[in-house]
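This is run_38.cif. It holds mmCIF, C-alpha atoms.
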data_coords
#
loop_
_atom_site.label_atom_id
_atom_site.label_comp_id
_atom_site.auth_asym_id
_atom_site.auth_seq_id
_atom_site.Cartn_x
_atom_site.Cartn_y
_atom_site.Cartn_z
CA MET A 115 131.55 104.76 106.13
CA SER A 116 131.42 101.02 105.61
CA ARG A 117 132.83 98.02 107.33
CA ALA A 118 134.37 97.07 103.97
CA PRO A 119 134.48 100.13 101.67
CA ALA A 120 134.83 98.08 98.46
CA CYS A 121 131.75 96.04 99.37
CA PHE A 122 129.56 99.09 99.72
CA ARG A 123 130.95 100.51 96.46
CA TRP A 124 129.97 97.34 94.57
CA TYR A 125 126.57 97.37 96.26
CA TRP A 126 126.15 101.03 95.32
CA PHE A 127 127.17 100.26 91.71
CA SER A 128 124.68 97.40 91.57
CA GLN A 129 121.82 99.48 92.96
CA THR A 130 122.64 102.29 90.54
CA ALA A 131 122.44 99.91 87.57
CA SER A 132 119.19 98.52 88.93
CA PHE A 133 117.75 102.03 89.25
CA VAL A 134 118.69 102.76 85.64
CA GLY A 135 117.02 99.54 84.50
CA ASP A 136 113.90 100.51 86.41
CA ARG A 137 113.77 103.91 84.76
CA LEU A 138 114.41 102.57 81.24
CA THR A 139 111.82 99.79 81.37
CA GLY A 140 109.42 101.88 83.45
CA PHE A 141 109.34 104.51 80.70
CA THR A 142 109.39 102.17 77.72
CA ALA A 143 106.50 99.88 78.72
CA PRO A 144 103.81 102.59 79.12
CA SER A 145 105.19 104.49 76.11
CA ILE A 146 104.66 101.39 73.95
CA ALA A 147 101.16 101.02 75.38
CA ILE A 148 100.27 104.65 74.56
CA LEU A 149 102.12 105.25 71.29
CA VAL A 150 102.06 101.79 69.66
CA LEU A 151 99.08 99.95 71.14
CA HIS A 152 96.91 103.07 71.68
CA ALA A 153 95.86 101.82 75.10
CA SER A 154 93.02 103.47 76.97
CA SER A 155 93.61 105.50 80.12
CA ALA A 156 92.34 102.60 82.23
CA GLU A 157 94.76 100.18 80.51
CA VAL A 158 97.65 102.56 81.11
CA GLY A 159 96.61 102.78 84.75
CA LEU A 160 96.52 98.99 85.00
CA LEU A 161 99.98 98.69 83.42
CA SER A 162 101.39 101.30 85.78
CA ALA A 163 99.81 99.55 88.74
CA THR A 164 100.91 96.03 87.81
CA GLY A 165 104.52 96.37 88.87
CA TRP A 166 103.42 97.53 92.29
CA LEU A 167 100.64 95.00 92.76
CA ALA A 168 103.25 92.44 93.80
CA TYR A 169 103.65 94.34 97.08
CA PRO A 170 100.17 93.67 98.51
CA VAL A 171 100.36 90.07 97.25
CA PHE A 172 103.94 89.14 98.20
CA GLY A 173 105.29 92.03 100.28
CA MET A 174 104.57 90.72 103.76
CA LEU A 175 105.18 87.13 102.69
CA ALA A 176 108.71 88.05 101.61
CA GLY A 177 109.82 88.92 105.13
CA GLY A 178 109.35 85.34 106.37
CA PRO A 179 111.61 83.36 104.02
CA LEU A 180 114.13 86.20 103.75
CA ALA A 181 114.65 86.11 107.51
CA HIS A 182 116.30 82.68 107.11
CA VAL A 183 118.55 83.15 104.06
CA ARG A 184 121.49 85.26 102.96
CA LYS A 185 120.34 88.33 101.08
CA ARG A 186 122.95 88.67 98.32
CA PRO A 187 121.83 85.59 96.31
CA VAL A 188 118.27 86.89 96.48
CA LEU A 189 119.38 90.22 95.05
CA VAL A 190 121.29 88.55 92.19
CA ALA A 191 118.38 86.24 91.34
CA GLY A 192 115.96 89.17 91.36
CA GLU A 193 117.99 91.18 88.87
CA LEU A 194 118.35 88.21 86.50
CA THR A 195 114.61 87.56 86.69
CA ARG A 196 113.81 91.13 85.71
CA LEU A 197 116.33 90.92 82.86
CA LEU A 198 114.77 87.75 81.44
CA ALA A 199 111.20 89.05 81.79
CA PHE A 200 111.79 92.14 79.67
CA VAL A 201 114.15 90.49 77.17
CA ALA A 202 111.53 87.78 76.57
CA VAL A 203 108.64 90.19 75.96
CA GLY A 204 110.92 92.34 73.78
CA ALA A 205 111.87 89.30 71.70
CA PHE A 206 108.22 88.31 71.26
CA ALA A 207 107.40 91.91 70.33
CA THR A 208 109.96 91.99 67.51
CA MET A 209 108.28 88.85 66.10
CA GLY A 210 104.94 90.62 66.00
CA HIS A 211 103.46 89.25 69.23
CA ILE A 212 102.82 92.31 71.36
CA SER A 213 99.82 93.39 73.40
CA VAL A 214 98.98 95.27 76.56
CA ALA A 215 98.45 91.87 78.22
CA GLY A 216 101.99 90.80 77.31
CA LEU A 217 103.42 93.98 78.79
CA VAL A 218 101.37 93.44 81.94
CA VAL A 219 102.77 89.89 82.35
CA ALA A 220 106.39 91.07 81.98
CA VAL A 221 105.89 93.95 84.40
CA ALA A 222 104.15 91.62 86.88
CA ILE A 223 107.03 89.11 86.87
CA ALA A 224 109.55 91.91 87.28
CA GLY A 225 107.42 93.33 90.09
CA VAL A 226 107.60 90.12 92.12
CA ALA A 227 111.38 90.08 91.75
CA THR A 228 111.49 93.73 92.80
CA VAL A 229 109.56 93.02 96.02
CA PHE A 230 112.00 90.37 97.21
CA GLY A 231 114.95 92.49 96.12
CA ASP A 232 113.60 95.56 97.91
CA VAL A 233 113.08 93.79 101.23
CA ALA A 234 116.40 91.93 100.94
CA GLY A 235 118.29 95.12 100.05
CA GLN A 236 116.94 97.12 102.98
CA THR A 237 117.92 94.31 105.34
CA TYR A 238 121.29 93.73 103.65
CA LEU A 239 122.55 97.33 103.68
CA PRO A 240 122.98 97.55 107.49
CA THR A 241 125.39 94.58 107.29
CA LEU A 242 127.61 96.55 104.90
CA VAL A 243 127.87 99.86 106.74
CA GLU A 244 128.19 101.01 110.33
CA PRO A 245 124.93 102.09 112.04
CA ARG A 246 126.09 105.70 112.21
CA SER A 247 126.63 105.67 108.44
CA LEU A 248 123.19 104.42 107.41
CA PHE A 249 121.92 107.92 106.68
CA ALA A 250 124.93 108.74 104.48
CA ALA A 251 124.64 105.40 102.68
CA ASN A 252 120.94 105.91 102.01
CA ALA A 253 121.66 109.44 100.78
CA ARG A 254 124.18 108.07 98.26
CA LEU A 255 121.71 105.47 97.07
CA GLN A 256 119.04 108.16 96.69
CA SER A 257 121.52 110.25 94.71
CA SER A 258 121.93 107.34 92.32
CA ASN A 259 118.18 106.87 92.18
CA SER A 260 117.75 110.54 91.33
CA LEU A 261 120.51 110.38 88.71
CA SER A 262 118.81 107.37 87.11
CA LYS A 263 115.64 109.42 86.81
CA LEU A 264 117.64 112.05 84.93
CA VAL A 265 119.44 109.65 82.59
CA GLY A 266 116.87 106.86 82.29
CA PRO A 267 113.79 108.46 80.69
CA ALA A 268 115.86 110.61 78.30
CA LEU A 269 117.93 107.60 77.23
CA ALA A 270 114.83 105.42 76.94
CA GLY A 271 113.09 107.99 74.76
CA LEU A 272 116.15 108.23 72.53
CA LEU A 273 116.43 104.44 72.22
CA ILE A 274 112.74 104.18 71.32
CA ASP A 275 113.35 106.72 68.56
CA VAL A 276 116.55 105.03 67.29
CA VAL A 277 115.90 101.28 67.50
CA GLY A 278 112.11 101.35 67.70
CA PRO A 279 109.86 100.91 70.73
CA LEU A 280 109.67 97.12 70.59
CA ALA A 281 113.41 96.41 70.40
CA ALA A 282 114.04 99.12 72.98
CA LEU A 283 112.17 97.14 75.63
CA ALA A 284 114.76 94.32 75.48
CA VAL A 285 117.74 96.66 75.18
CA ASN A 286 116.60 98.75 78.11
CA ALA A 287 116.63 95.71 80.41
CA LEU A 288 120.40 95.18 80.06
CA PRO A 289 121.31 97.27 83.16
CA PHE A 290 119.78 94.49 85.27
CA ALA A 291 122.62 92.24 84.09
CA LEU A 292 125.14 94.81 85.31
CA SER A 293 123.32 94.97 88.63
CA ALA A 294 123.50 91.20 89.07
CA PHE A 295 127.23 91.32 88.31
CA GLY A 296 127.76 94.10 90.85
CA GLN A 297 125.97 92.18 93.59
CA SER A 298 128.08 89.11 92.85
CA ARG A 299 131.21 91.18 93.53
CA VAL A 300 130.24 92.12 97.09
CA ALA A 301 132.84 90.19 99.07
CA THR A 302 131.41 90.57 102.57
CA VAL A 303 130.30 87.19 103.86
CA GLU A 304 126.89 87.79 105.33
CA PRO A 305 126.21 85.64 108.40
CA LEU A 306 123.47 83.11 107.73
CA PRO A 307 120.50 84.13 109.90
CA ARG A 308 119.67 81.38 112.35
CA PRO A 309 116.58 82.29 114.34
CA GLU A 310 115.76 80.01 117.20
CA ARG A 311 112.58 78.93 115.42
CA ARG A 312 110.96 79.35 112.05
CA ASP A 313 107.66 81.04 112.68
CA PRO A 314 104.76 80.43 110.29
CA VAL A 315 104.24 83.05 107.59
CA LEU A 316 101.11 84.45 109.24
CA THR A 317 103.00 84.78 112.51
CA ARG A 318 105.73 86.75 110.74
CA ILE A 319 103.13 89.00 109.16
CA ARG A 320 101.47 89.64 112.51
CA ASP A 321 104.90 90.28 114.02
CA GLY A 322 105.76 92.86 111.36
CA LEU A 323 102.44 94.66 111.74
CA GLY A 324 102.73 94.55 115.52
CA GLN A 325 106.26 95.95 115.53
CA VAL A 326 105.31 98.79 113.17
CA ARG A 327 102.18 99.77 115.08
CA ARG A 328 103.96 99.45 118.43
CA ILE A 329 106.27 102.34 117.52
CA PRO A 330 104.11 105.50 117.12
CA THR A 331 106.74 107.39 115.13
CA LEU A 332 107.13 104.56 112.66
CA TRP A 333 103.39 104.06 112.31
CA ARG A 334 102.78 107.75 111.56
CA ILE A 335 105.53 107.75 108.94
CA VAL A 336 104.04 104.66 107.31
CA GLN A 337 100.58 106.24 107.10
CA GLY A 338 101.98 109.47 105.68
CA SER A 339 104.12 107.58 103.19
CA ALA A 340 101.14 105.51 102.06
CA LEU A 341 98.98 108.57 101.34
CA ARG A 342 101.92 110.22 99.63
CA ALA A 343 102.50 107.10 97.52
CA PHE A 344 98.84 107.01 96.47
CA GLY A 345 99.04 110.59 95.19
CA ILE A 346 102.33 109.96 93.42
CA GLY A 347 100.77 106.88 91.79
CA VAL A 348 98.07 109.11 90.34
CA VAL A 349 100.57 111.71 89.09
CA ASP A 350 103.04 109.26 87.58
CA THR A 351 100.31 107.40 85.68
CA VAL A 352 98.64 110.46 84.23
CA LEU A 353 101.80 112.45 83.48
CA LEU A 354 102.79 110.42 80.39
CA LEU A 355 99.21 110.54 79.15
CA PHE A 356 99.32 114.34 79.55
CA ALA A 357 102.70 114.54 77.80
CA TYR A 358 101.69 112.45 74.80
CA ARG A 359 97.99 113.26 74.38
CA ALA A 360 97.66 116.80 75.74
CA LEU A 361 101.07 118.28 74.91
CA GLY A 362 101.65 116.17 71.79
CA LEU A 363 105.23 115.27 72.73
CA SER A 364 107.20 112.49 71.04
CA SER A 365 108.90 109.67 72.97
CA VAL A 366 112.07 111.79 73.08
CA GLY A 367 110.12 114.78 74.39
CA GLY A 368 108.33 112.64 76.96
CA GLY A 369 111.64 111.22 78.12
CA LEU A 370 113.18 114.67 78.44
CA LEU A 371 110.15 115.88 80.40
CA LEU A 372 110.55 113.11 82.98
CA ALA A 373 114.31 113.55 83.01
CA ALA A 374 114.05 117.29 83.67
CA GLY A 375 112.54 116.65 87.06
CA SER A 376 115.57 114.63 88.05
CA LEU A 377 117.68 117.78 88.13
CA GLY A 378 115.63 118.83 91.13
CA ALA A 379 115.83 115.32 92.62
CA LEU A 380 119.62 115.30 92.36
CA ALA A 381 119.77 118.60 94.20
CA GLY A 382 117.40 117.25 96.85
CA ALA A 383 119.46 114.10 97.40
CA PHE A 384 122.67 116.15 97.64
CA LEU A 385 121.27 118.67 100.11
CA THR A 386 119.19 116.41 102.36
CA ALA A 387 121.87 115.82 104.99
CA ARG A 388 122.72 119.52 105.25
CA LEU A 389 119.10 120.59 105.36
CA ALA A 390 118.29 117.99 108.03
CA ALA A 391 121.18 119.23 110.17
CA ARG A 392 120.08 122.84 109.68
CA PHE A 393 116.30 122.59 110.08
CA GLY A 394 115.70 119.21 111.71
CA VAL A 395 114.17 116.04 110.34
CA ARG A 396 110.54 116.85 111.17
CA ARG A 397 110.58 120.33 109.65
CA LEU A 398 112.21 118.99 106.52
CA MET A 399 109.60 116.24 106.26
CA LEU A 400 106.86 118.88 106.49
CA ALA A 401 108.52 120.97 103.79
CA SER A 402 108.62 117.94 101.49
CA GLY A 403 104.85 118.33 101.08
CA LEU A 404 105.75 120.88 98.41
CA GLU A 405 106.49 117.91 96.15
CA GLY A 406 102.78 117.36 95.66
CA ALA A 407 101.54 120.90 96.24
CA THR A 408 103.40 122.29 93.23
CA TRP A 409 101.08 120.33 90.92
CA LEU A 410 98.28 122.66 91.94
CA ALA A 411 99.95 125.24 89.67
CA LEU A 412 99.38 123.08 86.59
CA PRO A 413 96.23 124.92 85.46
CA LEU A 414 98.52 127.91 84.75
CA GLY A 415 100.05 125.82 82.02
CA LEU A 416 96.71 125.71 80.26
CA LEU A 417 96.89 129.47 79.83
CA VAL A 418 100.52 130.10 78.86
CA ALA A 419 103.50 127.96 77.81
CA PRO A 420 102.15 124.56 78.95
CA VAL A 421 105.38 122.65 78.29
CA ALA A 422 107.48 125.17 80.21
CA VAL A 423 105.06 125.14 83.15
CA VAL A 424 105.01 121.34 83.33
CA VAL A 425 108.82 121.18 83.21
CA ALA A 426 109.09 123.77 85.98
CA ILE A 427 106.61 121.88 88.16
CA ARG A 428 108.43 118.64 87.51
CA VAL A 429 111.78 120.13 88.57
CA LEU A 430 110.45 121.84 91.71
CA SER A 431 108.36 118.89 92.88
CA SER A 432 111.10 116.32 92.29
CA PHE A 433 113.46 118.10 94.66
CA TRP A 434 111.46 116.77 97.62
CA LEU A 435 111.12 113.14 96.56
CA PRO A 436 114.59 111.99 97.72
CA VAL A 437 114.34 114.21 100.80
CA TRP A 438 111.32 112.29 102.10
CA ALA A 439 112.78 108.94 101.02
CA VAL A 440 116.14 109.46 102.73
CA LEU A 441 114.64 110.74 105.97
CA THR A 442 111.94 108.09 106.33
CA THR A 443 114.24 105.22 105.34
CA GLY A 444 116.88 106.29 107.84
CA VAL A 445 114.35 106.67 110.64
CA ARG A 446 112.79 103.31 109.85
CA GLN A 447 116.13 101.48 109.80
CA SER A 448 117.15 103.08 113.07
CA LEU A 449 113.87 102.19 114.80
CA ALA A 450 113.46 98.61 113.56
CA PRO A 451 113.91 96.30 116.60
CA ALA A 452 116.85 93.90 116.46
CA GLY A 453 115.81 90.51 115.13
CA HIS A 454 112.68 91.93 113.49
CA GLU A 455 114.30 93.94 110.69
CA SER A 456 113.08 91.78 107.78
CA ALA A 457 109.52 91.66 109.13
CA VAL A 458 109.44 95.44 109.70
CA HIS A 459 110.90 96.32 106.31
CA ALA A 460 108.59 93.87 104.54
CA THR A 461 105.56 95.30 106.35
CA VAL A 462 106.46 98.92 105.64
CA SER A 463 107.30 98.22 101.99
CA THR A 464 104.03 96.36 101.55
CA ILE A 465 101.83 99.05 103.08
CA VAL A 466 103.49 101.97 101.32
CA SER A 467 104.08 100.31 97.97
CA SER A 468 100.56 98.88 97.88
CA ALA A 469 99.27 102.45 97.81
CA VAL A 470 101.05 103.11 94.50
CA PRO A 471 99.01 100.68 92.35
CA ALA A 472 95.85 101.89 94.05
CA GLY A 473 96.79 105.41 92.98
CA SER A 474 97.72 104.24 89.47
CA LEU A 475 94.41 102.47 88.98
CA ALA A 476 92.50 105.42 90.43
CA GLY A 477 94.46 107.81 88.23
CA GLY A 478 93.77 105.83 85.08
CA LEU A 479 90.05 105.56 85.81
CA ALA A 480 89.79 109.20 86.86
CA ALA A 481 91.65 110.28 83.72
CA GLY A 482 89.19 108.39 81.53
CA ALA A 483 86.21 109.94 83.29
CA ALA A 484 87.67 113.46 83.44
CA THR A 485 88.69 113.55 79.78
CA GLY A 486 85.21 112.44 78.77
CA TRP A 487 83.76 115.26 80.86
CA LEU A 488 86.24 118.11 80.35
CA GLY A 489 88.27 117.07 77.32
CA VAL A 490 91.78 115.62 77.16
CA THR A 491 93.84 118.61 78.28
CA ASP A 492 91.59 120.00 81.03
CA GLY A 493 90.63 116.55 82.30
CA LEU A 494 94.20 115.26 82.61
CA ALA A 495 95.34 118.53 84.21
CA LEU A 496 92.60 118.25 86.84
CA VAL A 497 93.59 114.67 87.74
CA LEU A 498 97.28 115.62 87.98
CA ALA A 499 96.48 118.50 90.35
CA ALA A 500 94.27 116.25 92.50
CA GLY A 501 97.00 113.60 92.71
CA GLY A 502 99.52 116.22 93.78
CA LEU A 503 97.22 117.47 96.52
CA LEU A 504 96.82 113.95 97.91
CA ALA A 505 100.59 113.44 97.89
CA ALA A 506 101.12 116.71 99.76
CA ALA A 507 98.61 115.70 102.45
CA GLY A 508 100.90 112.85 103.53
CA VAL A 509 103.04 115.21 105.59
CA LEU A 510 100.12 115.88 107.93
CA PHE A 511 100.93 112.62 109.71
CA VAL A 512 104.27 114.03 110.94
CA ARG A 513 103.09 117.51 111.83
CA HIS A 514 103.48 116.97 115.60
CA PRO A 515 106.92 117.17 117.25
CA ASP A 516 108.58 113.83 117.96
CA ARG A 517 112.13 113.40 119.20
CA ASN A 518 112.27 109.95 117.56
CA LEU A 519 112.19 111.66 114.17
CA ALA A 520 115.74 112.85 114.70
CA PRO A 521 118.05 110.01 115.81
CA PRO A 522 121.56 111.45 116.40
CA GLU A 523 123.18 109.37 113.66
CA LEU A 524 120.78 110.81 111.05
CA VAL A 525 121.64 114.44 111.52
CA ALA A 526 125.29 113.83 112.32
CA ALA A 527 126.11 111.77 109.21
#

Written form, structure tokens:
Amino acid sequence: MSRAPACFRWYWFSQTASFVGDRLTGFTAPSIAILVLHASSAEVGLLSATGWLAYPVFGMLAGGPLAHVRKRPVLVAGELTRLLAFVAVGAFATMGHISVAGLVVAVAIAGVATVFGDVAGQTYLPTLVEPRSLFAANARLQSSNSLSKLVGPALAGLLIDVVGPLAALAVNALPFALSAFGQSRVATVEPLPRPERRDPVLTRIRDGLGQVRRIPTLWRIVQGSALRAFGIGVVDTVLLLFAYRALGLSSVGGGLLLAAGSLGALAGAFLTARLAARFGVRRLMLASGLEGATWLALPLGLLVAPVAVVVAIRVLSSFWLPVWAVLTTGVRQSLAPAGHESAVHATVSTIVSSAVPAGSLAGGLAAGAATGWLGVTDGLALVLAAGGLLAAAGVLFVRHPDRNLAPPELVAA
């Protein structure tokens, strides 16, 4: 698969640890806000959005400086920054200084580090593996991401119950240290990029937007991914509110609910390559709309066995999350013009990831309005179903046949 197998294994280990850290801290911060600080729906939406707000602010800017530096040091620095941000707020929390504002600051700092790490990682991976192996490499990374979603929330919920929510925030950031160590062990010497000239930041931004819009296939995928991300932002923000305030679950129960969906995600990551070879990339992308559509069944949970219905929806919908991610990432990496990879990846990450905080904010505000109108359970269920419908509509952008959706190396990997 890789030009240096051990290098990809260390990179894979590092990304896996980073995914686990994301899941642990991503569950703990809003859980503290809801269970300890009794935050409003709007405050929970703001907290959920904060980590993603770095994308519209820094996403396109990241492509410029990253085009001129080696990517591995950026990845190491990003992981250490996230570690320090959460350890610091956890330490202050144990001393009695904790607020929604403090959580927002920690998540915001970690979000900036995540932006640079995301763009650097997508540009760095093609230097570690052969072009024909990009799809397989991305599938392995998505498997790890899916596994982290299984282990992370359940472990985070257990740690909150055992050591307390405030101490858990610092403890749950420790995987970022493992990630930094793993990146430091990648032995491949990445060539230092030496472009003929250093274009101004605005020029790089225009270049990234121009390259993305110049390729119709890529532009359609970006638009579909953005709408999908908006809907997922709504669902992810409101789901914990529904679990804690409508279903009355504890932190352990909330963690197990989120973790249950990862069983479906693991299956999706494992089967993506086979399904793409069997049905084609475009058809599989269209089928992934079921990820959002399954949330339309949530009102059934208001009639019978609400916890069981929510768990079933979570499992079925999560199957399609890695499917879409693997396919769109592989297509994007294969279509990015040589010499413009950083600009393209920064542009795509910015557009798509900027839709998540918009969805989170919209979800939090809609949840507050809907619960005031319909009550907690019915109001939150309505917002979850609406978010799922929006996520499902993202596949409409790839409904037309396009041979560029199926590069040979994607279906042959």

#### Entry: Polymer residues at most 9 Å from Gly338 (chain A), all atoms listed in the file, same-chain spacing of 2 or more positions, as a PyMOL selection string
chain A and resi 333-336+340-343+466+505+507-512

Could you produce a table of the residues of region 404-513 of chain A lying within 10 Å of region 375-394 of chain A, with the nearest pair of atoms per residue and their separation in Å rounded to one decimal, using all atoms listed in the file, ordered by chain and increasing residue number, as CSV?
residue,atom,partner,partner_atom,distance
A:Val424,CA,A:Gly375,CA,9.6
A:Val425,CA,A:Gly375,CA,7.0
A:Ala426,CA,A:Gly375,CA,8.0
A:Ile427,CA,A:Gly375,CA,8.0
A:Arg428,CA,A:Gly375,CA,4.6
A:Val429,CA,A:Gly375,CA,3.9
A:Leu430,CA,A:Gly378,CA,6.0
A:Ser431,CA,A:Gly378,CA,7.5
A:Ser432,CA,A:Ala379,CA,4.8
A:Phe433,CA,A:Ala379,CA,4.2
A:Trp434,CA,A:Gly382,CA,6.0
A:Leu435,CA,A:Ala379,CA,6.5
A:Pro436,CA,A:Ala383,CA,5.3
A:Val437,CA,A:Thr386,CA,5.5
A:Trp438,CA,A:Thr386,CA,8.9
A:Ala439,CA,A:Ala383,CA,9.2
A:Val440,CA,A:Thr386,CA,7.6
A:Leu441,CA,A:Thr386,CA,8.1

### Message
For a test of reading the model, state the distance in Å between CA of Ser128 (chain A) and CA of Gly296 (chain A), rounded to one decimal.
### Response
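Value for the CA of Ser128 (chain A)-CA of Gly296 (chain A) distance: 4.6 Å.
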
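Picture a line from CA of Leu353 (chain A) to CA of Ala374 (chain A); it runs 13.2 Å.
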
### Query
Hey, can you pull every residue with an atom no more than 9 Å from (95.5, 106.2, 82.7), using only C-alpha atoms, and send it as a list in words?
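The requested residues, written out, are Ala153, Ser154, Ser155, Ala156, Glu157, Val158, Gly159, Leu160, Leu161, Ser162, Val348, Thr351, Val352, Leu353, Leu354, Leu355, Ser474, Leu475, Ala476, Gly477, Gly478, Leu479, Ala480, Ala481 and Gly482 of chain A.
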
May I have the residues from that selection written out with C-alpha atoms, as a short mmCIF file (atom, residue, chain, number, x, y, z; two decimals), keeping the file's coordinate frame?
data_model
loop_
_atom_site.label_atom_id
_atom_site.label_comp_id
_atom_site.auth_asym_id
_atom_site.auth_seq_id
_atom_site.Cartn_x
_atom_site.Cartn_y
_atom_site.Cartn_z
CA ALA A 153 95.86 101.82 75.10
CA SER A 154 93.02 103.47 76.97
CA SER A 155 93.61 105.50 80.12
CA ALA A 156 92.34 102.60 82.23
CA GLU A 157 94.76 100.18 80.51
CA VAL A 158 97.65 102.56 81.11
CA GLY A 159 96.61 102.78 84.75
CA LEU A 160 96.52 98.99 85.00
CA LEU A 161 99.98 98.69 83.42
CA SER A 162 101.39 101.30 85.78
CA VAL A 348 98.07 109.11 90.34
CA THR A 351 100.31 107.40 85.68
CA VAL A 352 98.64 110.46 84.23
CA LEU A 353 101.80 112.45 83.48
CA LEU A 354 102.79 110.42 80.39
CA LEU A 355 99.21 110.54 79.15
CA SER A 474 97.72 104.24 89.47
CA LEU A 475 94.41 102.47 88.98
CA ALA A 476 92.50 105.42 90.43
CA GLY A 477 94.46 107.81 88.23
CA GLY A 478 93.77 105.83 85.08
CA LEU A 479 90.05 105.56 85.81
CA ALA A 480 89.79 109.20 86.86
CA ALA A 481 91.65 110.28 83.72
CA GLY A 482 89.19 108.39 81.53
#

### Task
Could you tell me which of A:Ala294, A:Ala422, A:Met399, A:Leu323 comes closest to Thr443 (chain A) if we count all atoms listed in the file?
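The shortest atom-to-atom distance to Thr443 (chain A) comes from A:Met399.
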
### Query
At what distance in Å, to one decimal, does CA of Gln325 (chain A) lie from CA of Leu449 (chain A)?
9.9 Å

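Nearest residue to Leu494 (chain A) among A:Ala357, A:Ala222, A:Leu273, A:Ala250 is A:Ala357, counting all atoms listed in the file.
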
Residues picked by the PyMOL selection byres ((chain A and resi 412) around 10) here, as a PDB file with C-alpha atoms, in the frame of the given file?
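Produced file part14.pdb, reproduced below:
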ATOM      1  CA  THR A 408     103.400 122.290  93.230  1.00  0.00           C
ATOM      2  CA  TRP A 409     101.080 120.330  90.920  1.00  0.00           C
ATOM      3  CA  LEU A 410      98.280 122.660  91.940  1.00  0.00           C
ATOM      4  CA  ALA A 411      99.950 125.240  89.670  1.00  0.00           C
ATOM      5  CA  PRO A 413      96.230 124.920  85.460  1.00  0.00           C
ATOM      6  CA  LEU A 414      98.520 127.910  84.750  1.00  0.00           C
ATOM      7  CA  GLY A 415     100.050 125.820  82.020  1.00  0.00           C
ATOM      8  CA  LEU A 416      96.710 125.710  80.260  1.00  0.00           C
ATOM      9  CA  LEU A 417      96.890 129.470  79.830  1.00  0.00           C
ATOM     10  CA  PRO A 420     102.150 124.560  78.950  1.00  0.00           C
ATOM     11  CA  VAL A 423     105.060 125.140  83.150  1.00  0.00           C
ATOM     12  CA  VAL A 424     105.010 121.340  83.330  1.00  0.00           C
ATOM     13  CA  ALA A 426     109.090 123.770  85.980  1.00  0.00           C
ATOM     14  CA  ILE A 427     106.610 121.880  88.160  1.00  0.00           C
ATOM     15  CA  ALA A 495      95.340 118.530  84.210  1.00  0.00           C
ATOM     16  CA  LEU A 496      92.600 118.250  86.840  1.00  0.00           C
ATOM     17  CA  LEU A 498      97.280 115.620  87.980  1.00  0.00           C
ATOM     18  CA  ALA A 499      96.480 118.500  90.350  1.00  0.00           C
ATOM     19  CA  GLY A 502      99.520 116.220  93.780  1.00  0.00           C
TER      20      GLY A 502
END

### Among the residues A:Ser213, A:Ala268, A:Ala282, A:Ala360, the one that comes closest to His152 (chain A) [using only C-alpha atoms]
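Closest to His152 (chain A), using only C-alpha atoms: A:Ser213.
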
Is it possible to get the axis-aligned box enclosing region 182-193 of chain A (all listed atoms, 6 Å extra per side) as JSON, with centre and edge lengths in Å rounded to one decimal?
{"center_x": 119.5, "center_y": 86.9, "center_z": 98.0, "size_x": 19.0, "size_y": 20.5, "size_z": 30.2}

### Task
Determine, counting all atoms listed in the file, which protein, DNA and RNA residues have an atom within 8 Å of an atom of Ala234 (chain A); residues of the same chain fewer than 2 positions away are not included. Present the result as a PyMOL selection string.
chain A and resi 180+185-186+188-189+230-232+236-238+456

Dump as a compact mmCIF listing (two decimals), keeping the file's coordinate frame, selection limited to C-alpha atoms:
# COMPACT_ATOMS: atom_id res chain seq x y z
CA LEU A 180 114.13 86.20 103.75
CA LYS A 185 120.34 88.33 101.08
CA ARG A 186 122.95 88.67 98.32
CA VAL A 188 118.27 86.89 96.48
CA LEU A 189 119.38 90.22 95.05
CA PHE A 230 112.00 90.37 97.21
CA GLY A 231 114.95 92.49 96.12
CA ASP A 232 113.60 95.56 97.91
CA GLN A 236 116.94 97.12 102.98
CA THR A 237 117.92 94.31 105.34
CA TYR A 238 121.29 93.73 103.65
CA SER A 456 113.08 91.78 107.78

### Message
As a check of understanding, name the residues that the PyMOL selection byres ((chain A and resi 220) around 9) selects in the supplied structure, as number ranges by chain.
### Response
A: 165, 196, 199-200, 202-203, 215-219, 221-225

### Query
Between A:Gly493, A:Cys121, A:Gly367, A:Ala457, which one has atoms that come closest to Asp275 (chain A), using all atoms listed in the file?
A:Gly367

### Query
Got a sec: who's within 9 Å of Val265 (chain A), counting only C-alpha atoms, leaving out chain neighbours fewer than 2 positions off, as number ranges by chain?
A: 134, 137-138, 260-263, 267-270, 373, 376

#### Entry: Surrounding residues of region 288-291 of chain A excluding itself and chain neighbours under 2 positions, 7 Å, all atoms listed in the file, as a PyMOL selection string
chain A and resi 131-132+134-135+193-194+196-197+285-286+293-295

### Task
Name the residues captured by the PyMOL selection byres ((chain A and resi 170) around 10) when it is applied to the shown file; answer as a list in words.
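That selection, the PyMOL selection byres ((chain A and resi 170) around 10), comes back as Trp166, Leu167, Ala168, Tyr169, Val171, Phe172, Gly173, Met174, Leu175, Val229, Thr461, Ser463, Thr464, Ile465, Val466, Ser467, Ser468, Ala469 and Pro471 of chain A.
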
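Here the question is which of A:Ser298, A:Ser339, A:Asn259, A:Ser364 gets nearest to Ser402 (chain A) using only C-alpha atoms, and that residue is A:Ser339.
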